[in-house]
Structures are given as structure tokens and as C-alpha cells.
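K.L.:
Below you'll find data06.cif; it's mmCIF, C-alpha atoms.
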```cif
data_data
#
loop_
_atom_site.label_atom_id
_atom_site.label_comp_id
_atom_site.auth_asym_id
_atom_site.auth_seq_id
_atom_site.Cartn_x
_atom_site.Cartn_y
_atom_site.Cartn_z
CA MET A 264 10.25 7.56 25.60
CA SER A 265 8.26 10.62 26.65
CA ASP A 266 9.08 12.22 23.29
CA ASP A 267 7.77 9.10 21.52
CA ILE A 268 4.54 9.26 23.53
CA GLN A 269 4.07 12.87 22.47
CA THR A 270 4.78 11.85 18.88
CA ALA A 271 2.19 9.07 19.17
CA GLN A 272 -0.34 11.68 20.21
CA ARG A 273 0.68 13.78 17.20
CA VAL A 274 0.12 10.79 14.90
CA ALA A 275 -3.35 10.22 16.38
CA GLU A 276 -4.22 13.91 15.99
CA ALA A 277 -2.86 14.02 12.44
CA ASN A 278 -4.79 10.85 11.61
CA GLU A 279 -8.08 12.41 12.72
CA LYS A 280 -7.34 15.65 10.84
CA LEU A 281 -6.45 13.73 7.67
CA LYS A 282 -9.61 11.63 7.85
CA THR A 283 -11.74 14.72 8.43
CA ALA A 284 -10.13 16.60 5.54
CA LEU A 285 -10.39 13.61 3.19
CA GLY A 286 -14.02 13.29 4.20
CA GLN A 287 -14.66 16.69 2.61
CA VAL A 288 -13.64 15.25 -0.75
CA ILE A 289 -14.08 11.47 -0.45
CA VAL A 290 -17.41 10.14 0.77
CA GLY A 291 -17.17 6.91 2.79
CA GLN A 292 -14.26 4.49 2.15
CA LYS A 293 -13.08 4.85 5.77
CA ASP A 294 -11.31 1.47 5.83
CA VAL A 295 -9.55 2.29 2.56
CA VAL A 296 -8.33 5.63 3.90
CA GLU A 297 -7.07 4.04 7.12
CA GLN A 298 -5.19 1.35 5.24
CA LEU A 299 -3.58 3.94 2.96
CA LEU A 300 -2.38 5.89 5.99
CA ILE A 301 -1.08 2.71 7.64
CA GLY A 302 0.98 1.95 4.55
CA LEU A 303 2.30 5.51 4.47
CA PHE A 304 3.27 5.67 8.16
CA ALA A 305 4.83 2.19 7.94
CA ASN A 306 6.90 3.36 4.93
CA GLN A 307 5.50 0.60 2.73
CA HIS A 308 3.70 0.45 -0.62
CA CYS A 309 0.07 -0.48 -1.27
CA PHE A 310 -1.88 -2.25 -3.99
CA MET A 311 -5.45 -1.15 -4.63
CA VAL A 312 -8.07 -3.23 -6.45
CA GLY A 313 -11.38 -1.75 -7.53
CA VAL A 314 -13.57 -1.09 -10.55
CA PRO A 315 -13.22 2.27 -12.36
CA GLY A 316 -15.05 5.27 -10.96
CA LEU A 317 -14.52 4.67 -7.23
CA ALA A 318 -12.30 7.76 -6.75
CA LYS A 319 -9.02 5.88 -6.32
CA THR A 320 -7.01 8.54 -8.16
CA LEU A 321 -8.84 11.38 -6.42
CA MET A 322 -8.18 9.76 -3.05
CA VAL A 323 -4.43 9.54 -3.63
CA SER A 324 -4.05 13.00 -5.17
CA THR A 325 -6.05 14.56 -2.32
CA LEU A 326 -3.92 12.74 0.23
CA SER A 327 -0.76 14.05 -1.41
CA ARG A 328 -2.07 17.63 -1.07
CA LEU A 329 -2.89 17.12 2.59
CA LEU A 330 0.59 15.72 3.18
CA ASP A 331 2.31 18.46 1.19
CA MET A 332 4.10 15.90 -0.96
CA SER A 333 4.83 15.83 -4.68
CA PHE A 334 2.47 13.57 -6.60
CA LYS A 335 2.71 11.97 -10.03
CA ARG A 336 0.55 9.51 -11.88
CA ILE A 337 1.62 6.97 -14.49
CA GLN A 338 -1.09 5.49 -16.68
CA PHE A 339 0.24 2.03 -17.51
CA THR A 340 -0.24 0.90 -21.11
CA PRO A 341 1.07 -2.07 -23.16
CA ASP A 342 3.68 0.12 -24.91
CA LEU A 343 5.08 1.66 -21.71
CA MET A 344 8.85 1.12 -21.44
CA PRO A 345 10.94 0.88 -18.23
CA SER A 346 12.72 4.14 -19.11
CA ASP A 347 9.33 5.88 -19.28
CA ILE A 348 9.11 5.27 -15.53
CA THR A 349 12.66 5.55 -14.27
CA GLY A 350 14.12 8.03 -16.75
CA THR A 351 16.94 7.73 -19.26
CA ASP A 352 20.22 9.27 -20.38
CA VAL A 353 19.69 12.03 -22.94
CA MET A 354 22.36 13.48 -25.23
CA GLN A 355 22.97 17.16 -24.43
CA GLU A 356 25.32 19.58 -26.16
CA ASP A 357 27.36 22.05 -24.13
CA PRO A 358 26.71 25.48 -25.76
CA GLU A 359 30.18 26.76 -24.77
CA THR A 360 32.42 23.85 -25.75
CA GLY A 361 30.18 22.12 -28.25
CA ARG A 362 30.89 18.79 -26.55
CA ARG A 363 28.09 16.28 -26.36
CA LEU A 364 27.43 14.64 -23.02
CA PHE A 365 24.83 12.28 -21.66
CA GLU A 366 22.62 13.77 -18.97
CA PHE A 367 20.11 11.75 -16.95
CA ALA A 368 16.51 12.91 -17.39
CA HIS A 369 14.56 11.92 -14.30
CA GLY A 370 11.38 9.93 -14.87
CA PRO A 371 8.08 10.31 -13.01
CA ILE A 372 9.18 7.84 -10.34
CA PHE A 373 11.20 10.68 -8.77
CA THR A 374 8.38 11.93 -6.59
CA ASN A 375 7.07 11.44 -3.06
CA MET A 376 3.78 9.76 -3.96
CA LEU A 377 3.37 7.78 -7.17
CA LEU A 378 0.11 6.38 -8.50
CA ALA A 379 0.80 3.44 -10.81
CA ASP A 380 -2.60 3.29 -12.48
CA GLU A 381 -3.65 -0.12 -13.87
CA ILE A 382 -0.22 -1.65 -13.42
CA ASN A 383 -1.41 -4.93 -14.95
CA ARG A 384 -1.72 -3.29 -18.39
CA CYS A 385 2.02 -3.07 -19.01
CA PRO A 386 4.39 -5.97 -19.81
CA PRO A 387 6.37 -7.72 -17.04
CA LYS A 388 9.66 -5.98 -17.92
CA THR A 389 8.15 -2.57 -17.18
CA GLN A 390 6.44 -3.85 -14.05
CA ALA A 391 9.78 -5.20 -12.84
CA ALA A 392 11.46 -1.81 -13.33
CA LEU A 393 8.94 -0.16 -11.04
CA LEU A 394 9.06 -2.93 -8.45
CA GLU A 395 12.87 -2.90 -8.37
CA ALA A 396 12.87 0.84 -7.70
CA MET A 397 10.27 0.32 -4.96
CA GLN A 398 12.41 -2.30 -3.30
CA GLU A 399 15.81 -0.62 -3.62
CA ARG A 400 14.54 2.98 -3.31
CA GLN A 401 16.92 3.95 -6.10
CA VAL A 402 17.30 3.93 -9.88
CA THR A 403 20.42 2.82 -11.72
CA ALA A 404 21.19 4.25 -15.17
CA GLY A 405 24.50 3.34 -16.73
CA ASN A 406 27.17 3.51 -14.06
CA LYS A 407 25.30 5.91 -11.81
CA THR A 408 22.75 5.34 -9.07
CA TYR A 409 20.11 7.95 -8.28
CA PRO A 410 18.31 7.83 -4.91
CA LEU A 411 14.56 8.29 -4.92
CA SER A 412 12.79 11.03 -3.02
CA LYS A 413 11.98 10.61 0.66
CA PRO A 414 9.36 9.77 1.69
CA PHE A 415 8.53 7.51 -1.26
CA PHE A 416 5.12 5.85 -1.45
CA VAL A 417 3.77 3.84 -4.39
CA LEU A 418 0.12 2.99 -4.80
CA ALA A 419 -0.57 0.61 -7.67
CA THR A 420 -4.10 0.03 -8.91
CA GLN A 421 -5.64 -2.83 -10.86
CA ASN A 422 -8.99 -3.14 -12.58
CA PRO A 423 -10.40 -6.55 -11.57
CA ILE A 424 -12.87 -6.72 -14.46
CA GLU A 425 -10.99 -6.33 -17.74
CA GLN A 426 -8.33 -9.05 -18.03
CA GLU A 427 -7.93 -9.26 -21.80
CA GLY A 428 -4.53 -8.00 -22.90
CA THR A 429 -3.27 -7.58 -19.34
CA TYR A 430 -0.25 -8.91 -17.47
CA PRO A 431 -1.26 -9.70 -13.88
CA LEU A 432 1.55 -9.34 -11.36
CA PRO A 433 3.04 -12.66 -10.22
CA GLU A 434 2.67 -13.51 -6.54
CA ALA A 435 6.39 -12.91 -5.95
CA GLN A 436 6.01 -9.32 -7.13
CA LEU A 437 2.72 -8.75 -5.34
CA ASP A 438 4.52 -9.80 -2.16
CA ARG A 439 6.46 -6.51 -2.28
CA PHE A 440 3.29 -4.58 -1.52
CA MET A 441 2.41 -4.34 2.15
CA LEU A 442 -1.35 -4.12 1.70
CA SER A 443 -3.83 -5.19 -0.93
CA ILE A 444 -6.70 -2.74 -0.48
CA HIS A 445 -10.10 -3.64 -1.87
CA VAL A 446 -12.24 -0.63 -2.83
CA GLU A 447 -15.91 -1.53 -2.71
CA TYR A 448 -19.00 0.23 -4.02
CA PRO A 449 -20.45 2.85 -1.65
CA ASP A 450 -23.75 2.14 0.07
CA ARG A 451 -26.90 3.94 -1.03
CA ASN A 452 -26.62 6.86 1.41
CA GLU A 453 -22.95 7.39 0.59
CA GLU A 454 -23.66 7.30 -3.12
CA ARG A 455 -26.41 9.90 -2.67
CA ASP A 456 -23.91 12.15 -0.89
CA ILE A 457 -21.42 11.61 -3.73
CA LEU A 458 -23.97 12.69 -6.30
CA LYS A 459 -24.76 15.86 -4.35
CA ALA A 460 -21.13 16.73 -3.67
CA THR A 461 -19.79 16.17 -7.18
CA THR A 462 -22.51 17.84 -9.24
CA GLY A 463 -22.45 21.22 -7.53
CA ALA A 464 -20.28 24.28 -8.04
CA GLY A 465 -18.49 24.29 -4.70
CA GLU A 466 -14.77 23.53 -4.33
CA VAL A 467 -13.00 22.35 -1.19
CA ASP A 468 -9.98 24.33 -0.07
CA LEU A 469 -7.42 21.96 1.47
CA SER A 470 -4.37 22.96 3.50
CA PRO A 471 -1.38 20.69 4.23
CA ILE A 472 -1.59 18.86 7.56
CA LEU A 473 1.80 17.09 7.52
CA HIS A 474 5.03 17.89 5.69
CA ALA A 475 7.55 15.44 4.24
CA GLU A 476 10.03 15.93 7.09
CA GLU A 477 7.34 15.21 9.67
CA ILE A 478 6.28 12.05 7.85
CA LEU A 479 9.86 10.77 7.85
CA GLU A 480 10.04 11.40 11.59
CA LEU A 481 6.76 9.59 12.21
CA GLN A 482 7.91 6.62 10.13
CA GLN A 483 10.89 6.27 12.46
CA VAL A 484 8.64 6.39 15.51
CA VAL A 485 6.53 3.54 14.07
CA ARG A 486 9.61 1.34 14.17
CA ARG A 487 10.08 2.12 17.87
CA VAL A 488 6.57 1.08 18.94
CA PRO A 489 7.03 -1.84 21.39
CA VAL A 490 5.47 -5.20 20.55
CA GLY A 491 4.94 -7.90 23.16
CA ASP A 492 5.99 -11.49 22.59
CA HIS A 493 2.33 -12.54 22.66
CA VAL A 494 1.67 -10.33 19.61
CA PHE A 495 4.60 -11.87 17.74
CA GLU A 496 3.32 -15.34 18.61
CA TYR A 497 -0.21 -14.47 17.46
CA THR A 498 1.21 -13.13 14.18
CA LEU A 499 3.08 -16.40 13.67
CA ASP A 500 -0.10 -18.33 14.47
CA LEU A 501 -1.93 -16.57 11.64
CA VAL A 502 0.83 -16.64 9.02
CA ARG A 503 1.96 -20.23 9.53
CA GLN A 504 -1.61 -21.54 9.31
CA THR A 505 -1.83 -20.25 5.73
CA ARG A 506 0.82 -22.77 4.61
CA PRO A 507 -0.75 -26.07 3.51
CA ALA A 508 2.34 -28.09 4.46
CA ASP A 509 2.54 -26.67 8.00
CA ALA A 510 1.41 -28.93 10.82
CA SER A 511 -0.69 -26.14 12.34
CA SER A 512 -2.72 -25.41 9.20
CA PRO A 513 -6.41 -26.43 9.33
CA GLN A 514 -7.90 -28.88 6.88
CA GLU A 515 -9.61 -26.14 4.84
CA VAL A 516 -6.24 -24.55 4.16
CA LYS A 517 -4.89 -27.87 2.89
CA ASP A 518 -8.01 -28.27 0.76
CA TRP A 519 -8.20 -24.74 -0.66
CA LEU A 520 -4.72 -23.20 -0.77
CA GLU A 521 -1.85 -24.03 -3.05
CA VAL A 522 0.63 -21.49 -1.62
CA GLY A 523 0.63 -19.71 1.74
CA ALA A 524 2.20 -16.50 2.99
CA GLY A 525 5.93 -16.08 3.54
CA PRO A 526 7.88 -14.32 6.30
CA ARG A 527 7.36 -10.89 4.72
CA ALA A 528 3.67 -11.20 5.53
CA GLY A 529 4.49 -11.48 9.23
CA GLN A 530 6.84 -8.50 9.01
CA ASN A 531 4.12 -6.40 7.39
CA LEU A 532 1.50 -7.51 9.92
CA VAL A 533 3.73 -6.34 12.78
CA LEU A 534 4.67 -3.07 11.05
CA GLY A 535 1.03 -2.38 10.19
CA ALA A 536 -0.02 -3.13 13.76
CA LYS A 537 2.54 -0.62 15.02
CA ALA A 538 1.31 2.08 12.64
CA ARG A 539 -2.34 1.39 13.49
CA ALA A 540 -1.56 1.57 17.21
CA LEU A 541 -0.02 5.04 16.79
CA MET A 542 -2.94 6.20 14.67
CA HIS A 543 -5.25 5.25 17.53
CA GLY A 544 -3.11 7.03 20.10
CA ARG A 545 -1.39 3.96 21.57
CA MET A 546 2.33 3.41 21.98
CA TYR A 547 1.90 -0.37 21.92
CA ALA A 548 0.58 -2.84 19.34
CA THR A 549 -2.06 -5.48 20.16
CA CYS A 550 -3.30 -8.76 18.71
CA GLU A 551 -6.42 -6.88 17.65
CA ASP A 552 -4.29 -4.60 15.46
CA VAL A 553 -2.81 -7.67 13.78
CA ALA A 554 -6.21 -9.32 13.28
CA HIS A 555 -7.62 -6.10 11.81
CA LEU A 556 -4.94 -6.13 9.10
CA ALA A 557 -4.96 -9.87 8.38
CA ALA A 558 -7.05 -9.63 5.19
CA PRO A 559 -5.26 -6.71 3.44
CA VAL A 560 -1.82 -8.07 4.34
CA LEU A 561 -2.45 -11.73 3.48
CA ARG A 562 -5.00 -11.80 0.64
CA HIS A 563 -2.55 -11.12 -2.21
CA ARG A 564 -0.01 -13.57 -0.81
CA LEU A 565 -2.28 -16.62 -0.88
CA VAL A 566 -2.83 -18.75 -3.97
CA THR A 567 -6.10 -20.66 -4.03
CA ASN A 568 -6.37 -23.95 -5.91
CA PHE A 569 -8.99 -25.45 -8.21
CA ASN A 570 -11.00 -26.84 -5.30
CA ALA A 571 -11.45 -23.35 -3.85
CA GLU A 572 -12.39 -21.85 -7.21
CA SER A 573 -14.93 -24.60 -7.91
CA GLU A 574 -16.52 -24.07 -4.49
CA GLY A 575 -16.49 -20.26 -4.76
CA VAL A 576 -14.03 -19.84 -1.88
CA SER A 577 -11.81 -16.75 -1.98
CA ALA A 578 -8.56 -15.97 -0.19
CA ASP A 579 -10.53 -13.61 2.07
CA ASP A 580 -12.81 -16.47 3.09
CA VAL A 581 -9.83 -18.60 4.10
CA ILE A 582 -8.25 -15.72 6.03
CA GLN A 583 -11.47 -15.06 7.93
CA ARG A 584 -11.71 -18.71 8.94
CA ILE A 585 -8.14 -18.65 10.21
CA VAL A 586 -8.74 -15.45 12.21
CA ASP A 587 -11.97 -16.84 13.67
CA ARG A 588 -10.35 -20.09 14.82
CA THR A 589 -7.15 -18.52 16.20
CA PRO A 590 -7.44 -17.30 19.81
CA LYS A 591 -5.79 -13.97 20.58
CA ARG A 592 -2.94 -14.48 22.99
CA ASN A 593 -2.68 -12.59 26.28
CA GLU A 594 0.43 -10.92 27.61
CA ASP A 595 2.20 -13.15 30.13
#
```
Could you render the structure from this file as C-alpha cells?
P.N.:
Amino acid sequence: MSDDIQTAQRVAEANEKLKTALGQVIVGQKDVVEQLLIGLFANQHCFMVGVPGLAKTLMVSTLSRLLDMSFKRIQFTPDLMPSDITGTDVMQEDPETGRRLFEFAHGPIFTNMLLADEINRCPPKTQAALLEAMQERQVTAGNKTYPLSKPFFVLATQNPIEQEGTYPLPEAQLDRFMLSIHVEYPDRNEERDILKATTGAGEVDLSPILHAEEILELQQVVRRVPVGDHVFEYTLDLVRQTRPADASSPQEVKDWLEVGAGPRAGQNLVLGAKARALMHGRMYATCEDVAHLAAPVLRHRLVTNFNAESEGVSADDVIQRIVDRTPKRNED
């Protein structure tokens, strides 16, 4: 336990160093950075939604440098095939024997950090190939199975504006992402700093803060963070209220939601709370950690109905109402 406490302190220190280093390249977006790190330390994947030009790619590539991990980017297009992501068997000729053999050529998914840029631009079959690899952490080609690199972290992005010719991910596939991270416009002061920082001649020299082996160790420690029964109960209070057919759901949920969150949402809320606790130097998760992550964990798992759309009510609005009306439980 004492070793875990020391590791928790290391996570908190690394978290501050990572935020400081990212701040040299990325102006603002503190909530986005924290949520990315929560997903990484929890060993889960993230989904990022934001208009072009908000430094999503720069954020991920910079983070990969600070974590000393391999990084690859796939630009999703309508003609992208599953094998373009996972890899394929290629005919090779042995120069000595002249025999022809199939050899597996690894695709870009064999990396530590993968940016799936504009995932909604490729057809469902290609989306499914990526999501299957995310879930199983392996790729199957022919009769052979190839394990993916460890750690393995996928960040998928989606442009919320252009929907023509796109294939939005179904809710069942979105459910495989731990967090749906909304990237907003910077405020005026932040945007001024961006203009100054990106139009000059200076370059930022970044050094790795964590290595792959350390990240794997920290991901194991996240699993060992204790969670009180009152936190589990509070998590259930939030998740079950999102289901219109549940007796505990408020009237606005019944009026505005068609589908609520499943059990995986509760799992991700608890895992995220554990990671956030470590990042703040605590070896215990709280109801406040769960509440802080309610929107990014739940928003892509809720399906609003026509009533909500006609009244301009979003999934985030429903989540906020649930959080506001749900009292945080105390430890018995």
C-alpha cells in the first residue's frame, strides 16, 4: 500500500509536469488535456468532437512526445479499407529458395497512440475494423492473431459541422469510447496568446516525462485505487436515472431521452474517478470525481428524442439536471 501511495504521488507530479509542458504548446484547453490524461491512465480510448483548427492533432502528437510513445495518424476517407488500418498479408518471394510466402505487413494501428482523424468519414465496415481492434487489443489476419502495442490508446475525432457524405458512429460503437471530449473555441485572451505563439520563429523543445513501461505500471495502480460503497451507489444513482424506463428517472428524462446509458457507463465513471483521484494526489476516489466526469462519460451514450430536439435540449443539458438533482452520498 505504501508503494501505491508513492506511485499516486508520482502520478500527481507527472500530471502537473505534463500539463505544464503541454501548456508551452497548447494554449488553454485545460479540461480537454485532463480528460485525455484520464483516458490514458485508465487505459481507455477517447472520442473528441470539435471544429477544425482547434489543435486536436497537435495536442495528441505533443502528448505522444511527452510520453515517449510511438504516434501515428490515420486520415479517414470514404475509400479507406479495413486492411489500410490493420494491415494485410503480402506475397513475398524468398531470394534463396524462390518460394513465395505470405508475410503480414503491419498497418498503422500497430502503435502506442493512434489518432483516428474524422472517423465518421469512412464507411461502417472500416469503422468496425478499428473498433474491434480497440476492444480486443489484437488484429486477426488469416489464421494468425497479432497483439497490439502496449500501451495502446486511440483518440478518434469527428467534425460536428460537415455531415454530408459521412457515416456517424452508431451508439453501440460510440459506447466503446470511455470519454466524449468536446473541444470548444478559446476565449479572447487565449486566442490572442495563440496568435502570438504560432506566428513567431521560436520552437519549443520537449523532453519525455513518462515512458511506456511507466504508463503501464500507472495503469495498474489506477485499478487498485479503493472506492467506497457510497461512490458506487452515487454512480448508480446517476447512470440509472438516464434510463427512461427506470423508476428513479425524473420526468425530464422520460420526456427527452429515448435511450439511456448502459452498465459500461458506470464502469467508465468509476475508472475515470480512480484516475482523476491519482492525478490529484489522492489514493481514493470521491463522488466529486464521478460528478466531474458525468458529462464526458455519459453524453455520447444518451439518445435524445424529437421532443428534446424541438425544445433545443441537448444530452449535456439532461446530464447537468441529473447531476444537480442527485445528492452526493457520504461515507457511512
K.L.:
Spell out the residues picked by the PyMOL selection byres ((chain A and resi 486) around 12) here, as a PyMOL selection string.
P.N.:
chain A and resi 267+271+304-306+479-485+487-490+530-531+533-541+546-548
K.L.:
Find the residues near Gly302 of chain A: any atom within 8 Å, counting only C-alpha atoms, skip ones fewer than 4 places away on the same chain, and give them as JSON, numbers by chain.
P.N.:
{"A": [298, 306, 307, 308, 309, 441, 442, 535]}
K.L.:
Counting only C-alpha atoms, which of A:Glu453, A:Asp331, A:Glu574, A:Glu434 gets nearest to Leu317 of chain A?
P.N.:
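Closest to Leu317 of chain A of all the choices is A:Glu453.
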K.L.:
Any chance you could resolve the PyMOL selection byres ((chain A and resi 371) around 9) against this file and give the residues as a VMD selection string?
P.N.:
chain A and resid 335 to 337 347 to 350 369 to 370 372 to 374 377
K.L.:
Name the residues in contact with Ala396 of chain A at a cut-off of 9 Å, using all atoms listed in the file, excluding same-chain residues fewer than 5 positions from it; report them as a ChimeraX atom specification.
P.N.:
/A:349,372,391,401-403,411
K.L.:
Determine, counting all atoms listed in the file, every residue of protein, DNA or RNA that lies within 7 Å of (-17.1, -2.3, -6.7) in the file coordinates, then give the result as a list of chain:residue names.
P.N.:
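Output: A:Gly313, A:Val314, A:Val446, A:Glu447, A:Tyr448.
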K.L.:
For this structure, which residues satisfy the selection - the PyMOL selection byres ((chain A and resi 325) around 12) - when it is evaluated on the file as given? I want them as a PDB file with C-alpha atoms, keeping the file's coordinate frame.
P.N.:
```
ATOM      1  CA  LEU A 281      -6.450  13.730   7.670  1.00  0.00           C
ATOM      2  CA  LYS A 282      -9.610  11.630   7.850  1.00  0.00           C
ATOM      3  CA  ALA A 284     -10.130  16.600   5.540  1.00  0.00           C
ATOM      4  CA  LEU A 285     -10.390  13.610   3.190  1.00  0.00           C
ATOM      5  CA  GLY A 286     -14.020  13.290   4.200  1.00  0.00           C
ATOM      6  CA  GLN A 287     -14.660  16.690   2.610  1.00  0.00           C
ATOM      7  CA  VAL A 288     -13.640  15.250  -0.750  1.00  0.00           C
ATOM      8  CA  ILE A 289     -14.080  11.470  -0.450  1.00  0.00           C
ATOM      9  CA  VAL A 296      -8.330   5.630   3.900  1.00  0.00           C
ATOM     10  CA  ALA A 318     -12.300   7.760  -6.750  1.00  0.00           C
ATOM     11  CA  LYS A 319      -9.020   5.880  -6.320  1.00  0.00           C
ATOM     12  CA  THR A 320      -7.010   8.540  -8.160  1.00  0.00           C
ATOM     13  CA  LEU A 321      -8.840  11.380  -6.420  1.00  0.00           C
ATOM     14  CA  MET A 322      -8.180   9.760  -3.050  1.00  0.00           C
ATOM     15  CA  VAL A 323      -4.430   9.540  -3.630  1.00  0.00           C
ATOM     16  CA  SER A 324      -4.050  13.000  -5.170  1.00  0.00           C
ATOM     17  CA  LEU A 326      -3.920  12.740   0.230  1.00  0.00           C
ATOM     18  CA  SER A 327      -0.760  14.050  -1.410  1.00  0.00           C
ATOM     19  CA  ARG A 328      -2.070  17.630  -1.070  1.00  0.00           C
ATOM     20  CA  LEU A 329      -2.890  17.120   2.590  1.00  0.00           C
ATOM     21  CA  LEU A 330       0.590  15.720   3.180  1.00  0.00           C
ATOM     22  CA  ASP A 331       2.310  18.460   1.190  1.00  0.00           C
ATOM     23  CA  MET A 332       4.100  15.900  -0.960  1.00  0.00           C
ATOM     24  CA  SER A 333       4.830  15.830  -4.680  1.00  0.00           C
ATOM     25  CA  PHE A 334       2.470  13.570  -6.600  1.00  0.00           C
ATOM     26  CA  LYS A 335       2.710  11.970 -10.030  1.00  0.00           C
ATOM     27  CA  MET A 376       3.780   9.760  -3.960  1.00  0.00           C
ATOM     28  CA  LEU A 378       0.110   6.380  -8.500  1.00  0.00           C
ATOM     29  CA  VAL A 467     -13.000  22.350  -1.190  1.00  0.00           C
ATOM     30  CA  ASP A 468      -9.980  24.330  -0.070  1.00  0.00           C
ATOM     31  CA  LEU A 469      -7.420  21.960   1.470  1.00  0.00           C
ATOM     32  CA  SER A 470      -4.370  22.960   3.500  1.00  0.00           C
ATOM     33  CA  PRO A 471      -1.380  20.690   4.230  1.00  0.00           C
ATOM     34  CA  ILE A 472      -1.590  18.860   7.560  1.00  0.00           C
TER      35      ILE A 472
END
```
K.L.:
In the coordinates of the file, take the point (-5.0, -6.1, 8.7) and a cut-off of 9 Å; then, counting only C-alpha atoms, name each qualifying protein, DNA or RNA residue as a list in words.
P.N.:
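Counting only C-alpha atoms, I find these residues within 9 Å of (-5.0, -6.1, 8.7): Gln298, Leu442, Leu532, Gly535, Ala536, Asp552, Val553, Ala554, His555, Leu556, Ala557, Ala558, Pro559, Val560 and Leu561 of chain A.
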K.L.:
For a quick check of understanding, using only C-alpha atoms, which of A:Lys413, A:Arg527, A:Lys280, A:Lys407 has the smallest distance to Leu303 of chain A?
P.N.:
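Checking each candidate against Leu303 of chain A, we get A:Lys413 as the closest.
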